[in-house]
file run.cif (mmCIF, C-alpha atoms)
data_work
loop_
_atom_site.group_PDB
_atom_site.id
_atom_site.type_symbol
_atom_site.label_atom_id
_atom_site.label_comp_id
_atom_site.auth_asym_id
_atom_site.auth_seq_id
_atom_site.Cartn_x
_atom_site.Cartn_y
_atom_site.Cartn_z
ATOM 1 C CA MET T 58 57.196 92.416 98.373
ATOM 2 C CA THR T 59 56.328 91.704 101.976
ATOM 3 C CA MET T 60 56.875 88.370 103.659
ATOM 4 C CA GLY T 61 53.144 87.609 103.583
ATOM 5 C CA SER T 62 52.568 88.468 99.944
ATOM 6 C CA ARG T 63 51.846 85.808 97.369
ATOM 7 C CA ARG T 64 53.823 85.492 94.136
ATOM 8 C CA THR T 65 51.794 84.275 91.221
ATOM 9 C CA ILE T 66 52.819 82.661 87.985
ATOM 10 C CA LEU T 67 52.155 86.061 86.390
ATOM 11 C CA HIS T 68 54.799 87.646 88.650
ATOM 12 C CA THR T 69 57.266 84.973 87.594
ATOM 13 C CA ALA T 70 56.417 85.338 83.895
ATOM 14 C CA PHE T 71 56.749 89.129 84.083
ATOM 15 C CA THR T 72 60.093 88.825 85.874
ATOM 16 C CA ILE T 73 61.498 86.403 83.300
ATOM 17 C CA ASN T 74 60.136 88.499 80.423
ATOM 18 C CA SER T 75 61.687 91.656 81.877
ATOM 19 C CA LEU T 76 65.079 89.980 82.348
ATOM 20 C CA MET T 77 65.162 88.559 78.821
ATOM 21 C CA SER T 78 63.840 91.738 77.185
ATOM 22 C CA GLY T 79 66.323 93.853 79.139
ATOM 23 C CA ALA T 80 69.244 91.578 78.275
ATOM 24 C CA CYS T 81 68.378 91.612 74.558
ATOM 25 C CA GLY T 82 67.845 95.357 74.629
ATOM 26 C CA LEU T 83 71.178 96.015 76.319
ATOM 27 C CA LEU T 84 72.925 93.702 73.882
ATOM 28 C CA PHE T 85 71.373 95.518 70.920
ATOM 29 C CA VAL T 86 72.422 98.916 72.285
ATOM 30 C CA VAL T 87 75.940 97.948 73.358
ATOM 31 C CA ALA T 88 76.858 95.712 70.409
ATOM 32 C CA ARG T 89 74.908 97.501 67.670
ATOM 33 C CA GLY T 90 78.075 98.147 65.651
ATOM 34 C CA SER T 91 78.946 94.445 65.530
ATOM 35 C CA LEU T 92 75.426 93.043 65.367
ATOM 36 C CA GLY T 93 74.151 95.465 62.715
ATOM 37 C CA PRO T 94 76.150 93.990 59.822
ATOM 38 C CA LEU T 95 75.624 90.456 61.142
ATOM 39 C CA PHE T 96 71.835 90.949 61.167
ATOM 40 C CA GLY T 97 71.743 93.117 58.044
ATOM 41 C CA LEU T 98 70.319 96.078 59.978
ATOM 42 C CA ALA T 99 71.649 99.570 60.467
ATOM 43 C CA PRO T 100 73.201 100.050 63.924
ATOM 44 C CA SER T 101 70.758 102.916 64.528
ATOM 45 C CA VAL T 102 67.841 100.495 64.041
ATOM 46 C CA LEU T 103 69.322 98.166 66.646
ATOM 47 C CA TRP T 104 69.841 101.107 69.004
ATOM 48 C CA VAL T 105 66.167 102.110 68.707
ATOM 49 C CA LEU T 106 64.976 98.511 69.158
ATOM 50 C CA GLY T 107 67.352 98.021 72.084
ATOM 51 C CA ALA T 108 66.359 101.240 73.828
ATOM 52 C CA GLY T 109 62.688 100.322 73.407
ATOM 53 C CA LEU T 110 63.294 96.864 74.842
ATOM 54 C CA VAL T 111 65.167 98.302 77.818
ATOM 55 C CA ALA T 112 62.318 100.742 78.542
ATOM 56 C CA PHE T 113 59.761 97.941 78.166
ATOM 57 C CA ALA T 114 61.807 95.708 80.481
ATOM 58 C CA ALA T 115 62.115 98.422 83.130
ATOM 59 C CA HIS T 116 58.374 99.041 83.134
ATOM 60 C CA LEU T 117 57.666 95.304 83.209
ATOM 61 C CA ALA T 118 60.098 94.772 86.109
ATOM 62 C CA PHE T 119 58.437 97.606 88.036
ATOM 63 C CA VAL T 120 55.006 96.012 87.607
ATOM 64 C CA ALA T 121 56.358 92.530 88.420
ATOM 65 C CA ARG T 122 57.539 93.787 91.823
ATOM 66 C CA GLN T 123 54.068 94.958 92.840
ATOM 67 C CA ASP T 124 52.160 92.787 95.282
ATOM 68 C CA VAL T 125 49.151 92.624 92.977
ATOM 69 C CA ILE T 126 49.313 92.878 89.201
ATOM 70 C CA GLY T 127 46.159 94.470 87.897
ATOM 71 C CA ARG T 128 44.170 93.051 85.030
ATOM 72 C CA GLY T 129 44.837 96.190 82.983
ATOM 73 C CA SER T 130 48.597 95.834 83.398
ATOM 74 C CA ALA T 131 48.469 92.173 82.454
ATOM 75 C CA LEU T 132 46.443 92.972 79.347
ATOM 76 C CA TYR T 133 48.755 95.849 78.397
ATOM 77 C CA PHE T 134 51.868 93.625 78.476
ATOM 78 C CA LEU T 135 50.044 90.812 76.688
ATOM 79 C CA VAL T 136 49.117 93.205 73.868
ATOM 80 C CA CYS T 137 52.715 94.520 73.725
ATOM 81 C CA ASP T 138 54.109 90.997 73.401
ATOM 82 C CA VAL T 139 51.541 90.011 70.760
ATOM 83 C CA LEU T 140 52.309 93.173 68.758
ATOM 84 C CA TRP T 141 56.067 92.410 68.943
ATOM 85 C CA VAL T 142 55.474 88.906 67.585
ATOM 86 C CA ALA T 143 53.069 90.148 64.897
ATOM 87 C CA ALA T 144 55.520 92.853 63.786
ATOM 88 C CA SER T 145 58.295 90.258 63.648
ATOM 89 C CA VAL T 146 56.173 88.007 61.434
ATOM 90 C CA VAL T 147 55.287 90.904 59.131
ATOM 91 C CA VAL T 148 58.942 91.899 58.769
ATOM 92 C CA LEU T 149 60.166 88.331 58.282
ATOM 93 C CA LEU T 150 57.506 87.324 55.773
ATOM 94 C CA GLY T 151 56.865 90.666 54.120
ATOM 95 C CA PHE T 152 60.455 91.806 53.754
ATOM 96 C CA PRO T 153 62.611 88.656 53.641
ATOM 97 C CA ALA T 154 65.548 90.442 51.986
ATOM 98 C CA LEU T 155 65.693 93.101 54.702
ATOM 99 C CA MET T 156 67.909 91.014 56.993
ATOM 100 C CA THR T 157 70.603 88.392 56.651
ATOM 101 C CA GLY T 158 69.923 84.745 57.461
ATOM 102 C CA VAL T 159 71.309 85.286 60.955
ATOM 103 C CA GLY T 160 69.086 88.335 61.400
ATOM 104 C CA ARG T 161 65.994 86.391 60.335
ATOM 105 C CA LEU T 162 66.921 83.572 62.698
ATOM 106 C CA VAL T 163 67.346 85.912 65.676
ATOM 107 C CA PHE T 164 64.220 87.956 65.054
#
call {"tool": "encode", "arguments": {"input": "run.cif", "output": "structure tokens"}}
result
Amino acid sequence: MTMGSRRTILHTAFTINSLMSGACGLLFVVARGSLGPLFGLAPSVLWVLGAGLVAFAAHLAFVARQDVIGRGSALYFLVCDVLWVAASVVVLLGFPALMTGVGRLVF
């Protein structure tokens, strides 16, 4: 970003989202062996979720560093976040026995 460029609230939101998504993703990948039994999920499931979150976070961070965030990019990440929340609700409500209480609380 150049000195004269303007940061918007969208830049800030994307930056925070990328940091949090990346941190969760890295935690899932690195600690999958410990977190898997705690959450009631197979470590391989946490690895896949974590790797996906890390990739999402990297792409989001790349877009957040651009001087102008296009409407298409903003819509793409909005849809991704809404789908993540919707999938979480489906899993939590549709398959309550899939995860432990801690797993349901975290997801």
call {"tool": "atom_distance", "arguments": {"input": "run.cif", "atom1": "atom CA of T:Phe134", "atom2": "atom CA of T:Gly160"}}
result
24.8 Å
call {"tool": "atom_distance", "arguments": {"input": "run.cif", "atom1": "atom CA of T:Gly90", "atom2": "atom CA of T:Val163"}}
result
16.3 Å
call {"tool": "closest_residue", "arguments": {"input": "run.cif", "among": "T:Thr65, T:Ala99, T:Ser91, T:Phe113", "to": "T:Gly79", "atoms": "all atoms listed in the file"}}
result
T:Phe113
call {"tool": "residues_near_point", "arguments": {"input": "run.cif", "point": "(63.5, 89.9, 82.3)", "cutoff": "10 Å", "atoms": "only C-alpha atoms", "output": "PyMOL selection string"}}
result
chain T and resi 69-81+111+113-115+117-118+121
call {"tool": "residues_around", "arguments": {"input": "run.cif", "residues": "stretch 136-151 of chain T", "least_positions_apart": "3", "cutoff": "7 Å", "atoms": "only C-alpha atoms", "output": "PDB file with C-alpha atoms, in the coordinates of the input"}}
result
ATOM      1  CA  LEU T 132      46.443  92.972  79.347  1.00  0.00           C
ATOM      2  CA  TYR T 133      48.755  95.849  78.397  1.00  0.00           C
ATOM      3  CA  ARG T 161      65.994  86.391  60.335  1.00  0.00           C
ATOM      4  CA  PHE T 164      64.220  87.956  65.054  1.00  0.00           C
TER       5      PHE T 164
END
call {"tool": "atom_distance", "arguments": {"input": "run.cif", "atom1": "atom CA of T:Arg89", "atom2": "atom CA of T:Leu106"}}
result
10.1 Å
call {"tool": "closest_residue", "arguments": {"input": "run.cif", "among": "T:Gly158, T:Phe119, T:Gly129, T:Ala108", "to": "T:Pro94", "atoms": "only C-alpha atoms"}}
result
T:Gly158
call {"tool": "closest_residue", "arguments": {"input": "run.cif", "among": "T:Gly97, T:Arg64, T:His116, T:Ile126", "to": "T:Leu155", "atoms": "all atoms listed in the file"}}
result
T:Gly97
call {"tool": "closest_residue", "arguments": {"input": "run.cif", "among": "T:Val87, T:Leu92, T:Ala112, T:Ala131", "to": "T:His68", "atoms": "only C-alpha atoms"}}
result
T:Ala131
call {"tool": "build_atoms", "arguments": {"input": "run.cif", "residues": "stretch 101-119 of chain T", "atoms": "N, CA, C and O atoms", "output": "PDB file, in the frame of the given file"}}
result
ATOM      1  N   SER T 101      71.753 102.013  63.925  1.00  0.00           N
ATOM      2  CA  SER T 101      70.758 102.916  64.528  1.00  0.00           C
ATOM      3  C   SER T 101      69.425 102.201  64.750  1.00  0.00           C
ATOM      4  O   SER T 101      68.719 102.482  65.727  1.00  0.00           O
ATOM      5  N   VAL T 102      69.076 101.275  63.865  1.00  0.00           N
ATOM      6  CA  VAL T 102      67.841 100.495  64.041  1.00  0.00           C
ATOM      7  C   VAL T 102      67.966  99.616  65.286  1.00  0.00           C
ATOM      8  O   VAL T 102      67.033  99.531  66.093  1.00  0.00           O
ATOM      9  N   LEU T 103      69.115  98.993  65.454  1.00  0.00           N
ATOM     10  CA  LEU T 103      69.322  98.166  66.646  1.00  0.00           C
ATOM     11  C   LEU T 103      69.316  99.009  67.913  1.00  0.00           C
ATOM     12  O   LEU T 103      68.820  98.565  68.960  1.00  0.00           O
ATOM     13  N   TRP T 104      69.848 100.230  67.830  1.00  0.00           N
ATOM     14  CA  TRP T 104      69.841 101.107  69.004  1.00  0.00           C
ATOM     15  C   TRP T 104      68.405 101.428  69.399  1.00  0.00           C
ATOM     16  O   TRP T 104      68.049 101.365  70.574  1.00  0.00           O
ATOM     17  N   VAL T 105      67.566 101.772  68.420  1.00  0.00           N
ATOM     18  CA  VAL T 105      66.167 102.110  68.707  1.00  0.00           C
ATOM     19  C   VAL T 105      65.427 100.891  69.272  1.00  0.00           C
ATOM     20  O   VAL T 105      64.710 101.002  70.272  1.00  0.00           O
ATOM     21  N   LEU T 106      65.605  99.734  68.643  1.00  0.00           N
ATOM     22  CA  LEU T 106      64.976  98.511  69.158  1.00  0.00           C
ATOM     23  C   LEU T 106      65.467  98.191  70.565  1.00  0.00           C
ATOM     24  O   LEU T 106      64.675  97.843  71.453  1.00  0.00           O
ATOM     25  N   GLY T 107      66.780  98.315  70.775  1.00  0.00           N
ATOM     26  CA  GLY T 107      67.352  98.021  72.084  1.00  0.00           C
ATOM     27  C   GLY T 107      66.858  98.966  73.161  1.00  0.00           C
ATOM     28  O   GLY T 107      66.487  98.536  74.261  1.00  0.00           O
ATOM     29  N   ALA T 108      66.834 100.254  72.847  1.00  0.00           N
ATOM     30  CA  ALA T 108      66.359 101.240  73.828  1.00  0.00           C
ATOM     31  C   ALA T 108      64.889 100.982  74.168  1.00  0.00           C
ATOM     32  O   ALA T 108      64.482 101.075  75.332  1.00  0.00           O
ATOM     33  N   GLY T 109      64.096 100.637  73.154  1.00  0.00           N
ATOM     34  CA  GLY T 109      62.688 100.322  73.407  1.00  0.00           C
ATOM     35  C   GLY T 109      62.527  99.089  74.280  1.00  0.00           C
ATOM     36  O   GLY T 109      61.692  99.059  75.184  1.00  0.00           O
ATOM     37  N   LEU T 110      63.348  98.076  74.020  1.00  0.00           N
ATOM     38  CA  LEU T 110      63.294  96.864  74.842  1.00  0.00           C
ATOM     39  C   LEU T 110      63.715  97.138  76.288  1.00  0.00           C
ATOM     40  O   LEU T 110      63.119  96.593  77.222  1.00  0.00           O
ATOM     41  N   VAL T 111      64.723  97.968  76.463  1.00  0.00           N
ATOM     42  CA  VAL T 111      65.167  98.302  77.818  1.00  0.00           C
ATOM     43  C   VAL T 111      64.061  99.054  78.564  1.00  0.00           C
ATOM     44  O   VAL T 111      63.781  98.761  79.742  1.00  0.00           O
ATOM     45  N   ALA T 112      63.415  99.998  77.906  1.00  0.00           N
ATOM     46  CA  ALA T 112      62.318 100.742  78.542  1.00  0.00           C
ATOM     47  C   ALA T 112      61.160  99.801  78.879  1.00  0.00           C
ATOM     48  O   ALA T 112      60.584  99.868  79.972  1.00  0.00           O
ATOM     49  N   PHE T 113      60.816  98.933  77.939  1.00  0.00           N
ATOM     50  CA  PHE T 113      59.761  97.941  78.166  1.00  0.00           C
ATOM     51  C   PHE T 113      60.112  97.064  79.357  1.00  0.00           C
ATOM     52  O   PHE T 113      59.280  96.817  80.239  1.00  0.00           O
ATOM     53  N   ALA T 114      61.355  96.590  79.404  1.00  0.00           N
ATOM     54  CA  ALA T 114      61.807  95.708  80.481  1.00  0.00           C
ATOM     55  C   ALA T 114      61.756  96.408  81.837  1.00  0.00           C
ATOM     56  O   ALA T 114      61.363  95.800  82.840  1.00  0.00           O
ATOM     57  N   ALA T 115      62.147  97.673  81.868  1.00  0.00           N
ATOM     58  CA  ALA T 115      62.115  98.422  83.130  1.00  0.00           C
ATOM     59  C   ALA T 115      60.682  98.568  83.636  1.00  0.00           C
ATOM     60  O   ALA T 115      60.407  98.379  84.832  1.00  0.00           O
ATOM     61  N   HIS T 116      59.778  98.902  82.739  1.00  0.00           N
ATOM     62  CA  HIS T 116      58.374  99.041  83.134  1.00  0.00           C
ATOM     63  C   HIS T 116      57.811  97.692  83.599  1.00  0.00           C
ATOM     64  O   HIS T 116      57.124  97.601  84.621  1.00  0.00           O
ATOM     65  N   LEU T 117      58.132  96.648  82.863  1.00  0.00           N
ATOM     66  CA  LEU T 117      57.666  95.304  83.209  1.00  0.00           C
ATOM     67  C   LEU T 117      58.222  94.861  84.563  1.00  0.00           C
ATOM     68  O   LEU T 117      57.490  94.297  85.389  1.00  0.00           O
ATOM     69  N   ALA T 118      59.490  95.136  84.822  1.00  0.00           N
ATOM     70  CA  ALA T 118      60.098  94.772  86.109  1.00  0.00           C
ATOM     71  C   ALA T 118      59.431  95.530  87.253  1.00  0.00           C
ATOM     72  O   ALA T 118      59.202  94.969  88.327  1.00  0.00           O
ATOM     73  N   PHE T 119      59.116  96.802  87.018  1.00  0.00           N
ATOM     74  CA  PHE T 119      58.437  97.606  88.036  1.00  0.00           C
ATOM     75  C   PHE T 119      57.085  96.984  88.388  1.00  0.00           C
ATOM     76  O   PHE T 119      56.745  96.818  89.564  1.00  0.00           O
TER      77      PHE T 119
END
